[in-house]
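Novice: Next up, work-v3.txt (compact mmCIF, C-alpha atoms).
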# COMPACT_ATOMS: atom_id res chain seq x y z
CA MET A 1 -31.35 8.15 -0.30
CA ASP A 2 -30.08 8.31 3.28
CA LEU A 3 -27.86 5.28 3.89
CA SER A 4 -26.18 6.55 7.03
CA SER A 5 -27.64 3.58 8.89
CA SER A 6 -25.66 1.26 6.62
CA LEU A 7 -22.52 2.33 8.45
CA ALA A 8 -23.66 0.53 11.56
CA THR A 9 -23.30 -3.10 12.59
CA PRO A 10 -26.03 -5.76 12.32
CA GLN A 11 -26.89 -5.23 15.99
CA ALA A 12 -27.40 -1.52 15.47
CA LEU A 13 -29.59 -2.15 12.45
CA ARG A 14 -31.77 -4.42 14.57
CA GLY A 15 -32.15 -1.70 17.20
CA GLY A 16 -29.22 -2.75 19.39
CA SER A 17 -26.38 -0.52 20.57
CA LEU A 18 -22.80 -0.08 19.51
CA THR A 19 -19.92 -0.18 21.95
CA GLY A 20 -16.22 0.65 21.90
CA PRO A 21 -14.46 2.42 19.03
CA LEU A 22 -17.20 1.55 16.55
CA ALA A 23 -19.76 3.42 18.68
CA ALA A 24 -17.74 6.61 18.64
CA HIS A 25 -17.10 6.13 14.98
CA ALA A 26 -20.76 5.65 14.09
CA ALA A 27 -21.70 8.73 16.10
CA ARG A 28 -19.26 10.82 14.09
CA ARG A 29 -20.91 9.71 10.86
CA ARG A 30 -24.63 9.71 11.62
CA SER A 31 -25.22 12.69 9.39
CA VAL A 32 -23.33 11.28 6.38
CA GLN A 33 -25.50 10.70 3.33
CA LEU A 34 -24.29 8.43 0.54
CA LEU A 35 -25.65 8.58 -2.96
CA LEU A 36 -25.11 5.00 -4.05
CA ARG A 37 -26.66 2.72 -6.60
CA PRO A 38 -29.49 0.71 -4.96
CA ARG A 39 -28.59 -2.84 -3.98
CA ARG A 40 -30.00 -5.59 -6.13
CA PRO A 41 -32.18 -8.15 -4.34
CA THR A 42 -29.72 -11.02 -4.77
CA ALA A 43 -27.85 -13.33 -2.44
CA ARG A 44 -24.05 -13.36 -2.39
CA CYS A 45 -21.54 -16.01 -1.48
CA SER A 46 -17.78 -16.32 -1.31
CA VAL A 47 -15.48 -19.24 -2.01
CA ASP A 48 -15.25 -20.01 1.69
CA ALA A 49 -16.02 -23.70 2.10
CA ALA A 50 -18.42 -22.86 4.90
CA LYS A 51 -20.54 -20.81 2.51
CA GLN A 52 -20.79 -23.06 -0.52
CA GLN A 53 -24.55 -23.67 -0.42
CA VAL A 54 -26.14 -20.87 -2.41
CA GLN A 55 -29.76 -19.93 -2.22
CA GLY A 56 -31.50 -17.93 -4.92
CA PRO A 57 -33.22 -14.64 -4.13
CA PRO A 58 -36.65 -14.87 -2.54
CA ALA A 59 -39.70 -13.62 -4.34
CA ALA A 60 -39.66 -10.43 -2.29
CA VAL A 61 -36.79 -8.96 -0.30
CA THR A 62 -37.56 -6.47 2.42
CA ALA A 63 -35.24 -3.60 3.26
CA GLU A 64 -34.83 -5.03 6.75
CA ALA A 65 -33.81 -8.45 5.43
CA GLU A 66 -31.39 -6.87 3.00
CA ALA A 67 -29.77 -4.86 5.78
CA GLU A 68 -29.44 -8.06 7.80
CA ALA A 69 -27.70 -9.79 4.89
CA ALA A 70 -24.97 -7.21 4.32
CA PRO A 71 -25.06 -4.27 6.72
CA GLY A 72 -22.92 -1.35 5.70
CA LYS A 73 -21.55 -2.99 2.56
CA GLU A 74 -22.37 -1.61 -0.85
CA CYS A 75 -21.62 -4.07 -3.61
CA PHE A 76 -21.71 -2.65 -7.09
CA GLY A 77 -23.65 -3.73 -10.16
CA VAL A 78 -22.77 -7.13 -11.53
CA PHE A 79 -20.63 -7.76 -8.44
CA CYS A 80 -23.84 -8.17 -6.42
CA THR A 81 -24.64 -11.32 -8.40
CA THR A 82 -24.78 -14.70 -6.69
CA TYR A 83 -21.91 -17.04 -7.53
CA ASP A 84 -20.49 -20.35 -6.32
CA LEU A 85 -16.93 -20.99 -7.48
CA LYS A 86 -16.91 -24.57 -6.18
CA ALA A 87 -19.94 -25.43 -8.32
CA ASP A 88 -18.22 -24.38 -11.54
CA GLU A 89 -15.75 -26.82 -13.08
CA LYS A 90 -13.58 -23.97 -14.39
CA THR A 91 -13.17 -22.33 -10.98
CA ARG A 92 -13.47 -25.08 -8.37
CA SER A 93 -9.68 -25.44 -8.13
CA TRP A 94 -9.22 -21.73 -7.35
CA LYS A 95 -7.94 -20.53 -4.00
CA LYS A 96 -9.97 -18.85 -1.27
CA LEU A 97 -11.10 -15.30 -2.06
CA VAL A 98 -8.60 -12.60 -1.06
CA ASN A 99 -9.89 -9.20 0.11
CA VAL A 100 -7.90 -6.18 -1.05
CA ALA A 101 -8.84 -2.76 0.33
CA VAL A 102 -7.61 0.33 -1.51
CA SER A 103 -7.84 3.90 -0.24
CA GLY A 104 -7.70 6.79 -2.68
CA ALA A 105 -9.42 4.38 -5.05
CA ALA A 106 -10.68 7.11 -7.40
CA GLY A 107 -7.20 8.58 -7.90
CA MET A 108 -4.75 8.29 -10.78
CA ILE A 109 -2.51 5.65 -9.15
CA SER A 110 -5.50 3.44 -8.41
CA ASN A 111 -6.77 3.96 -11.95
CA HIS A 112 -3.76 1.94 -13.09
CA LEU A 113 -3.42 -0.36 -10.08
CA LEU A 114 -6.94 -1.77 -9.74
CA PHE A 115 -6.94 -3.30 -13.21
CA LYS A 116 -3.58 -4.97 -12.57
CA LEU A 117 -4.94 -6.47 -9.36
CA ALA A 118 -8.11 -7.68 -11.06
CA SER A 119 -6.18 -9.28 -13.92
CA GLY A 120 -4.29 -11.67 -11.64
CA GLU A 121 -0.96 -9.92 -12.13
CA VAL A 122 -0.18 -10.02 -8.39
CA PHE A 123 -1.73 -13.20 -7.01
CA GLY A 124 -1.89 -15.42 -10.08
CA GLN A 125 -4.57 -16.87 -12.33
CA ASP A 126 -6.15 -19.14 -9.70
CA GLN A 127 -6.73 -16.47 -7.06
CA PRO A 128 -10.18 -14.81 -7.02
CA ILE A 129 -10.19 -11.31 -5.60
CA ALA A 130 -12.57 -8.88 -3.90
CA LEU A 131 -11.77 -5.17 -4.24
CA LYS A 132 -12.95 -2.94 -1.41
CA LEU A 133 -12.64 0.67 -2.57
CA LEU A 134 -12.40 3.59 -0.15
CA GLY A 135 -13.07 7.14 -1.28
CA SER A 136 -14.46 10.35 0.16
CA GLU A 137 -17.84 12.04 -0.10
CA ARG A 138 -16.40 14.25 -2.83
CA SER A 139 -15.00 11.33 -4.85
CA LEU A 140 -17.91 8.93 -4.44
CA GLN A 141 -19.35 9.53 -7.91
CA ALA A 142 -15.92 9.00 -9.45
CA LEU A 143 -15.63 5.81 -7.42
CA GLU A 144 -18.82 4.55 -9.07
CA GLY A 145 -17.20 5.30 -12.42
CA VAL A 146 -14.17 3.19 -11.44
CA ALA A 147 -16.48 0.32 -10.47
CA MET A 148 -18.28 0.63 -13.82
CA GLU A 149 -14.98 0.30 -15.69
CA LEU A 150 -14.12 -2.76 -13.64
CA GLU A 151 -17.54 -4.20 -14.59
CA ASP A 152 -16.90 -3.57 -18.27
CA SER A 153 -13.46 -5.21 -18.16
CA LEU A 154 -14.97 -8.68 -17.51
CA TYR A 155 -12.14 -9.96 -15.30
CA PRO A 156 -13.02 -13.57 -14.37
CA LEU A 157 -10.99 -13.39 -11.14
CA LEU A 158 -12.71 -10.24 -9.90
CA ARG A 159 -15.70 -11.57 -7.98
CA GLU A 160 -16.66 -8.74 -5.66
CA VAL A 161 -16.35 -4.95 -5.71
CA SER A 162 -17.66 -2.74 -2.93
CA ILE A 163 -17.34 1.01 -2.55
CA GLY A 164 -17.66 3.31 0.44
CA ILE A 165 -16.33 6.25 2.40
CA ASP A 166 -16.06 4.68 5.85
CA PRO A 167 -12.80 2.80 6.57
CA TYR A 168 -14.48 0.85 9.37
CA VAL A 169 -16.76 -0.66 6.72
CA VAL A 170 -14.44 -0.87 3.72
CA PHE A 171 -11.54 -2.42 5.67
CA GLU A 172 -13.64 -5.22 7.14
CA ASP A 173 -11.83 -8.58 6.77
CA ALA A 174 -9.20 -7.01 4.49
CA ASP A 175 -6.24 -9.30 3.78
CA TRP A 176 -4.36 -6.46 2.11
CA ALA A 177 -4.72 -2.72 2.62
CA LEU A 178 -3.15 -0.42 0.04
CA LEU A 179 -3.25 3.05 1.54
CA ILE A 180 -2.80 5.41 -1.38
CA GLY A 181 -5.12 8.29 -0.53
CA ALA A 182 -3.41 11.33 1.00
CA LYS A 183 -3.45 15.07 0.64
CA PRO A 184 -0.81 16.25 -1.85
CA ARG A 185 1.55 18.98 -0.80
CA GLY A 186 0.40 22.33 -2.15
CA PRO A 187 2.23 25.64 -2.57
CA GLY A 188 3.40 27.10 0.71
CA VAL A 189 2.66 23.97 2.75
CA GLU A 190 5.54 23.04 5.04
CA ARG A 191 6.58 19.40 5.37
CA ALA A 192 5.72 19.53 9.09
CA ALA A 193 2.17 20.64 8.25
CA LEU A 194 1.82 17.87 5.69
CA LEU A 195 2.96 15.34 8.29
CA ASP A 196 0.19 16.49 10.61
CA ILE A 197 -2.54 16.69 7.94
CA ASN A 198 -1.86 13.29 6.40
CA GLY A 199 -0.90 11.79 9.74
CA GLN A 200 -4.45 12.30 10.95
CA ILE A 201 -5.74 10.35 7.95
CA PHE A 202 -3.42 7.42 8.65
CA ALA A 203 -4.11 7.46 12.38
CA GLU A 204 -7.81 7.03 11.64
CA GLN A 205 -7.16 4.31 9.07
CA GLY A 206 -4.86 2.50 11.50
CA LYS A 207 -7.66 2.46 14.07
CA ALA A 208 -10.08 1.12 11.48
CA LEU A 209 -7.68 -1.64 10.44
CA ASN A 210 -7.13 -2.51 14.08
CA ALA A 211 -10.88 -2.83 14.60
CA VAL A 212 -12.08 -4.74 11.54
CA ALA A 213 -9.29 -6.01 9.23
CA SER A 214 -7.90 -9.54 9.12
CA ARG A 215 -5.47 -10.13 12.00
CA ASN A 216 -2.77 -10.90 9.43
CA VAL A 217 -3.52 -7.99 7.09
CA LYS A 218 -0.58 -6.72 5.02
CA VAL A 219 -0.53 -2.93 4.81
CA ILE A 220 1.36 -0.92 2.17
CA VAL A 221 1.41 2.83 2.74
CA VAL A 222 1.86 4.89 -0.43
CA GLY A 223 0.54 8.31 0.63
CA ASN A 224 3.40 10.63 1.54
CA PRO A 225 5.37 11.12 3.68
CA CYS A 226 4.97 7.35 3.54
CA ASN A 227 7.56 6.20 6.11
CA THR A 228 6.15 8.26 8.94
CA ASN A 229 2.56 7.71 7.79
CA ALA A 230 3.24 3.97 8.05
CA LEU A 231 4.60 4.48 11.57
CA ILE A 232 1.50 6.44 12.56
CA CYS A 233 -0.74 3.77 11.07
CA LEU A 234 0.91 0.86 12.88
CA LYS A 235 1.01 2.75 16.19
CA ASN A 236 -2.77 3.15 15.94
CA ALA A 237 -3.21 -0.57 15.26
CA PRO A 238 -1.72 -2.18 18.39
CA ASN A 239 -3.55 -5.48 17.83
CA LEU A 240 -1.91 -6.02 14.44
CA GLN A 241 1.66 -7.14 13.80
CA ALA A 242 3.94 -4.12 13.32
CA LYS A 243 6.09 -6.02 10.83
CA ASN A 244 3.13 -6.28 8.44
CA PHE A 245 3.18 -2.53 7.76
CA HIS A 246 5.22 -1.33 4.78
CA ALA A 247 6.14 2.05 3.32
CA LEU A 248 6.49 1.96 -0.45
CA THR A 249 10.07 2.54 -1.63
CA ARG A 250 9.88 0.12 -4.55
CA LEU A 251 9.57 2.88 -7.16
CA ASP A 252 12.86 4.32 -5.87
CA GLU A 253 14.43 0.87 -6.22
CA ASN A 254 13.10 0.46 -9.76
CA ARG A 255 14.42 3.89 -10.74
CA ALA A 256 17.83 3.08 -9.26
CA LYS A 257 18.01 -0.19 -11.20
CA CYS A 258 17.16 1.64 -14.41
CA GLN A 259 19.91 4.23 -13.90
CA LEU A 260 22.55 1.59 -13.16
CA ALA A 261 21.51 -0.35 -16.25
CA LEU A 262 21.72 2.77 -18.42
CA LYS A 263 25.18 3.63 -17.10
CA ALA A 264 26.45 0.06 -17.57
CA GLY A 265 24.88 -0.35 -21.01
CA VAL A 266 22.84 -3.43 -20.06
CA PHE A 267 19.15 -4.24 -19.80
CA TYR A 268 17.71 -3.66 -16.35
CA ASP A 269 17.00 -7.33 -15.67
CA LYS A 270 20.76 -7.68 -15.20
CA VAL A 271 20.65 -5.46 -12.09
CA SER A 272 20.02 -7.20 -8.76
CA ASN A 273 20.49 -6.74 -5.00
CA MET A 274 19.42 -3.11 -5.17
CA THR A 275 18.60 -1.54 -1.81
CA ILE A 276 17.00 1.77 -1.02
CA TRP A 277 17.89 2.60 2.59
CA GLY A 278 15.98 5.06 4.74
CA ASN A 279 13.27 7.58 4.08
CA HIS A 280 11.29 8.18 0.91
CA SER A 281 12.78 11.66 0.63
CA THR A 282 15.94 13.33 -0.60
CA THR A 283 17.82 11.59 2.24
CA GLN A 284 17.10 8.17 0.69
CA VAL A 285 20.19 6.08 0.01
CA PRO A 286 20.36 4.07 -3.24
CA ASP A 287 22.98 1.46 -2.33
CA PHE A 288 25.49 0.83 -5.13
CA LEU A 289 27.94 -0.88 -2.75
CA ASN A 290 25.84 -4.07 -2.43
CA ALA A 291 24.07 -3.93 -5.80
CA LYS A 292 25.16 -6.21 -8.63
CA ILE A 293 25.17 -6.05 -12.42
CA ASP A 294 25.11 -9.44 -14.12
CA GLY A 295 26.22 -11.00 -10.85
CA LYS A 296 29.21 -8.68 -10.35
CA PRO A 297 29.51 -5.86 -7.80
CA VAL A 298 28.45 -2.56 -9.36
CA LYS A 299 31.81 -0.93 -8.58
CA GLU A 300 33.55 -3.59 -10.70
CA VAL A 301 31.32 -2.76 -13.68
CA ILE A 302 30.95 1.01 -13.28
CA LYS A 303 34.35 2.52 -12.50
CA ASP A 304 33.12 6.10 -12.28
CA THR A 305 33.11 6.58 -8.50
CA LYS A 306 32.15 10.25 -8.71
CA TRP A 307 29.02 9.37 -10.72
CA LEU A 308 28.06 6.64 -8.25
CA GLU A 309 28.54 8.81 -5.17
CA GLU A 310 26.98 11.99 -6.55
CA ASP A 311 25.07 11.90 -9.83
CA PHE A 312 23.47 8.48 -9.34
CA THR A 313 21.60 9.38 -6.16
CA VAL A 314 20.49 12.81 -7.40
CA THR A 315 19.24 11.32 -10.67
CA VAL A 316 17.11 8.77 -8.82
CA GLN A 317 15.70 11.44 -6.51
CA LYS A 318 14.85 13.89 -9.30
CA ARG A 319 13.35 11.37 -11.70
CA GLY A 320 9.76 12.12 -10.67
CA GLY A 321 10.26 15.87 -11.02
CA VAL A 322 11.80 15.50 -14.49
CA LEU A 323 8.87 13.32 -15.53
CA ILE A 324 6.39 16.02 -14.52
CA GLN A 325 8.36 18.62 -16.49
CA LYS A 326 8.23 16.38 -19.55
CA TRP A 327 4.52 15.72 -19.71
CA GLY A 328 2.83 17.58 -16.89
CA ARG A 329 1.73 14.55 -14.89
CA SER A 330 3.00 12.69 -11.88
CA SER A 331 4.34 9.14 -12.09
CA ALA A 332 1.02 7.42 -11.39
CA ALA A 333 1.52 4.49 -13.77
CA SER A 334 5.03 3.59 -12.60
CA THR A 335 3.92 3.99 -8.99
CA ALA A 336 1.13 1.48 -9.63
CA VAL A 337 3.65 -0.91 -11.18
CA SER A 338 5.90 -0.54 -8.13
CA ILE A 339 2.99 -1.38 -5.80
CA VAL A 340 2.38 -4.54 -7.82
CA ASP A 341 6.11 -5.33 -7.61
CA ALA A 342 6.11 -4.77 -3.84
CA MET A 343 3.12 -7.08 -3.35
CA ARG A 344 4.50 -9.73 -5.67
CA SER A 345 7.79 -9.71 -3.76
CA LEU A 346 5.87 -10.76 -0.65
CA VAL A 347 3.76 -13.49 -2.31
CA THR A 348 6.52 -14.92 -4.52
CA PRO A 349 9.74 -16.50 -3.19
CA THR A 350 12.70 -14.15 -3.61
CA PRO A 351 15.21 -15.49 -6.18
CA GLU A 352 18.21 -17.13 -4.55
CA GLY A 353 20.80 -14.55 -3.51
CA ASP A 354 18.67 -11.53 -4.38
CA TRP A 355 16.54 -9.18 -2.26
CA PHE A 356 14.13 -6.26 -2.51
CA SER A 357 13.55 -2.94 -0.72
CA THR A 358 10.62 -1.99 1.47
CA GLY A 359 10.12 0.39 4.36
CA VAL A 360 9.51 -1.67 7.50
CA TYR A 361 9.54 -1.35 11.28
CA THR A 362 13.12 -1.20 12.55
CA THR A 363 12.74 -2.72 16.01
CA GLY A 364 15.05 -5.75 16.16
CA ASN A 365 16.97 -4.89 12.96
CA PRO A 366 20.53 -6.29 12.65
CA TYR A 367 22.17 -3.14 11.26
CA GLY A 368 22.25 -0.81 14.25
CA ILE A 369 19.62 1.52 12.80
CA ALA A 370 17.54 3.31 15.44
CA GLU A 371 14.54 1.31 16.58
CA ASP A 372 10.87 2.30 16.48
CA ILE A 373 10.84 4.01 13.08
CA VAL A 374 9.89 2.81 9.58
CA PHE A 375 13.03 2.57 7.46
CA SER A 376 13.60 1.10 4.02
CA MET A 377 15.88 -1.93 4.22
CA PRO A 378 16.76 -5.04 2.16
CA CYS A 379 14.35 -7.98 2.61
CA ARG A 380 13.76 -11.51 1.39
CA SER A 381 10.51 -13.49 1.35
CA LYS A 382 9.54 -17.14 1.10
CA GLY A 383 6.39 -16.04 -0.75
CA ASP A 384 4.07 -16.42 2.23
CA GLY A 385 3.46 -12.68 2.71
CA ASP A 386 6.15 -12.50 5.39
CA TYR A 387 9.76 -11.37 5.02
CA GLU A 388 13.12 -11.38 6.77
CA LEU A 389 15.79 -8.71 6.82
CA VAL A 390 18.93 -9.51 4.83
CA LYS A 391 21.96 -9.87 7.08
CA ASP A 392 24.74 -10.44 4.55
CA VAL A 393 25.22 -6.83 3.43
CA VAL A 394 28.45 -4.84 3.31
CA MET A 395 28.81 -1.42 4.93
CA ASP A 396 31.46 1.22 4.44
CA ASP A 397 31.81 4.69 5.94
CA PHE A 398 30.24 6.42 2.93
CA LEU A 399 27.13 4.21 2.96
CA TRP A 400 26.75 4.26 6.75
CA GLY A 401 27.11 8.04 6.90
CA ARG A 402 24.23 8.48 4.44
CA ILE A 403 22.08 5.92 6.25
CA LYS A 404 22.55 7.81 9.52
CA LYS A 405 21.47 11.07 7.86
CA SER A 406 18.19 9.49 6.78
CA GLU A 407 17.79 8.01 10.25
CA VAL A 408 18.14 11.47 11.85
CA GLU A 409 15.41 12.79 9.58
CA LEU A 410 12.99 9.99 10.41
CA ILE A 411 13.57 10.41 14.15
CA ALA A 412 12.77 14.11 13.73
CA GLU A 413 9.60 13.27 11.79
CA LYS A 414 8.60 10.86 14.56
CA ARG A 415 8.88 13.67 17.14
CA CYS A 416 6.77 15.84 14.86
CA VAL A 417 3.85 13.39 14.99
CA ALA A 418 4.12 12.26 18.61
CA HIS A 419 0.56 13.47 19.23
CA LEU A 420 -0.64 10.95 16.61
CA THR A 421 1.35 7.96 17.88
CA GLY A 422 0.42 8.24 21.56
CA GLU A 423 3.85 9.48 22.61
CA GLY A 424 2.98 12.88 24.05
CA ASN A 425 3.22 16.36 22.62
CA ALA A 426 4.65 16.92 19.17
CA PHE A 427 7.86 18.85 18.69
CA CYS A 428 8.97 19.68 15.14
CA ASP A 429 12.62 20.32 14.42
CA LEU A 430 12.91 18.88 10.92
CA PRO A 431 16.46 19.23 9.55
CA GLY A 432 15.30 20.65 6.21
CA ASP A 433 12.81 20.38 3.37
CA THR A 434 13.51 16.97 1.87
CA MET A 435 10.34 16.33 -0.11
CA LEU A 436 11.20 14.58 -3.36
CA PRO A 437 10.82 16.68 -6.52
CA GLY A 438 7.61 15.68 -8.25
CA GLU A 439 5.68 15.15 -5.03
CA MET A 440 5.04 18.78 -4.13
Could you show the structure in this file as structure tokens?
Specialist:
Amino acid sequence: MDLSSSLATPQALRGGSLTGPLAAHAARRRSVQLLLRPRRPTARCSVDAAKQQVQGPPAAVTAEAEAEAAPGKECFGVFCTTYDLKADEKTRSWKKLVNVAVSGAAGMISNHLLFKLASGEVFGQDQPIALKLLGSERSLQALEGVAMELEDSLYPLLREVSIGIDPYVVFEDADWALLIGAKPRGPGVERAALLDINGQIFAEQGKALNAVASRNVKVIVVGNPCNTNALICLKNAPNLQAKNFHALTRLDENRAKCQLALKAGVFYDKVSNMTIWGNHSTTQVPDFLNAKIDGKPVKEVIKDTKWLEEDFTVTVQKRGGVLIQKWGRSSAASTAVSIVDAMRSLVTPTPEGDWFSTGVYTTGNPYGIAEDIVFSMPCRSKGDGDYELVKDVVMDDFLWGRIKKSEVELIAEKRCVAHLTGEGNAFCDLPGDTMLPGEM
């Protein structure tokens, strides 16, 4: 079945013409054929108050009418069923539907993440959710399998699932975009080459978000090298707020907390105020100077300065590589958990006196870190999806020296992708191969 026309807008489906970036995009994809499950002839509605009146399906639904109803969107199975949350006593107090787009949705990380999202683990038990899953032509069949598993899991909060391979369709009205899909680094591939290959993916996705996503969309970039991919993405989305783009460094924070807890002989819930500064690479800086164990500065609890300055950082960096050696798989499950943690930190008020780490845009930062890069820093949130940078942190020469080293690397990466950020010709002079073990 040729559904290439479903990638167009309602006007195009009625014989009109496309303009702007969507026109060029549609032209690039005219020849794409999707093998998708046929749509069921049913009406759909969301929890939006303006759409509460639901009409049943007509006796006969023409292909033209169906295209008019939902052009370019492919709902899946039971998720095509009509529903009205306000008409049901059990669900009428729920919040407005939240749209979460996920790229790389057929991958191992998503295989863990999607079920956590659908269960209410991030947004709570009164927040219905729509999952918009982005894959590739090669992964489309697997994506249908993911949707089938979501069907079989019977999550009451999961009200809509759609699948597709076009970001301009999948990202439409997205409130959250979790950008996981990226090409892994293979044997013999230089970091500079990986920056270019994956950078092109995130440039395209940034343009799609800019065109069709919610104007307040929150974007978390997971695909590596995630800091510079996040920079590329936000530079290609000039109509969206740069501060709403994040690079995932939460797994590094979680690993650092675990190592401090092990060394101190306490459970990891006693560790707070942990910051990962800088790049998600071997130049990352796990900050033991500002971290606390049971409310006390780490250096008052762990007296072994040599371990803190040397072994601690290396252990955090190598954790993923050791995990692969142990069981032959990457850290997909713990990465999914860290994405959930990162999202929850933005939708839940930060505990008094604590903070969390996330890679964000540096322009206007209070630390003196170079502007116009994406750098992991300590943040607090009121739980409204926004955040503020923490100002009450302590710096010493050791910490600042390591932060500057990560800064130098990210500035070099930025030069390497200048052709993807609209800043002229690229020039690569990366200081070294700093890919984290376990991500090659």
Novice: Between A:Leu133, A:Leu251, A:Ala118, A:Ala105, which residue has the minimum interatomic distance to Ala182 of chain A, considering all atoms listed in the file?
Specialist: A:Ala105
Novice: Write out as a list in words each polymer residue whose atoms come within 12 Å of Val394 of chain A, counting all atoms listed in the file; drop sequence neighbours fewer than 4 positions from it.
Specialist: Asn273, Thr275, Asp287, Phe288, Leu289, Asn290, Ala291, Pro297, Tyr367, Pro378, Val390, Phe398, Leu399 and Trp400 of chain A
Novice: In Å, how far is it from atom CA of Gly383 of chain A to atom CA of Arg255 of chain A?
Specialist: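 Between atom CA of Gly383 of chain A and atom CA of Arg255 of chain A the gap works out to 23.7 Å.
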Novice: Enter the distance from atom CA of Pro128 of chain A to atom CA of Lys86 of chain A, in Å, rounded to one decimal.
Specialist: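 Interatomic distance here is 11.9 Å.
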Novice: Would you work out the distance separating atom CA of Ile129 of chain A from atom CA of Trp355 of chain A, expressed in Å to one decimal?
Specialist: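 Distance between the two atoms: 27.0 Å.
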Novice: From the set A:Asn227, A:Gln284, A:Ser338, A:Asn236, which residue has the shortest atom-to-atom contact distance to Asn254 of chain A, counting only C-alpha atoms?
Specialist: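 Looking at the shortest contact to Asn254 of chain A, the residue is A:Ser338.
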Novice: Quick one: of A:Lys116, A:Lys235, A:Lys95, A:Lys90, who's nearest to His419 of chain A, counting all atoms listed in the file?
Specialist: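 For His419 of chain A, the nearest of the given residues is A:Lys235.
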Novice: May I ask which of the residues A:Met274, A:Ile201, A:Leu140, A:Ile220 is the closest one to Pro167 of chain A, counting only C-alpha atoms?
Specialist: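 Checking each candidate against Pro167 of chain A, we get A:Ile201 as the closest.
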Novice: What's the 10 Å shell around Leu157 of chain A, counting all atoms listed in the file, without same-chain residues fewer than 2 positions away, as a short mmCIF file (atom, residue, chain, number, x, y, z; two decimals) with C-alpha atoms, keeping the file's coordinate frame?
Specialist:
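The result, written out as around_36.cif:
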data_model
loop_
_atom_site.label_atom_id
_atom_site.label_comp_id
_atom_site.auth_asym_id
_atom_site.auth_seq_id
_atom_site.Cartn_x
_atom_site.Cartn_y
_atom_site.Cartn_z
CA THR A 91 -13.17 -22.33 -10.98
CA TRP A 94 -9.22 -21.73 -7.35
CA LEU A 97 -11.10 -15.30 -2.06
CA LEU A 117 -4.94 -6.47 -9.36
CA ALA A 118 -8.11 -7.68 -11.06
CA SER A 119 -6.18 -9.28 -13.92
CA GLY A 120 -4.29 -11.67 -11.64
CA GLY A 124 -1.89 -15.42 -10.08
CA GLN A 125 -4.57 -16.87 -12.33
CA ASP A 126 -6.15 -19.14 -9.70
CA GLN A 127 -6.73 -16.47 -7.06
CA PRO A 128 -10.18 -14.81 -7.02
CA ILE A 129 -10.19 -11.31 -5.60
CA ALA A 130 -12.57 -8.88 -3.90
CA LEU A 154 -14.97 -8.68 -17.51
CA TYR A 155 -12.14 -9.96 -15.30
CA ARG A 159 -15.70 -11.57 -7.98
CA GLU A 160 -16.66 -8.74 -5.66
#
Novice: When distances are computed from only C-alpha atoms, which of A:Leu150, A:Gly385, A:Pro351, A:Gln205 shows the smallest separation from Trp176 of chain A?
Specialist: A:Gly385
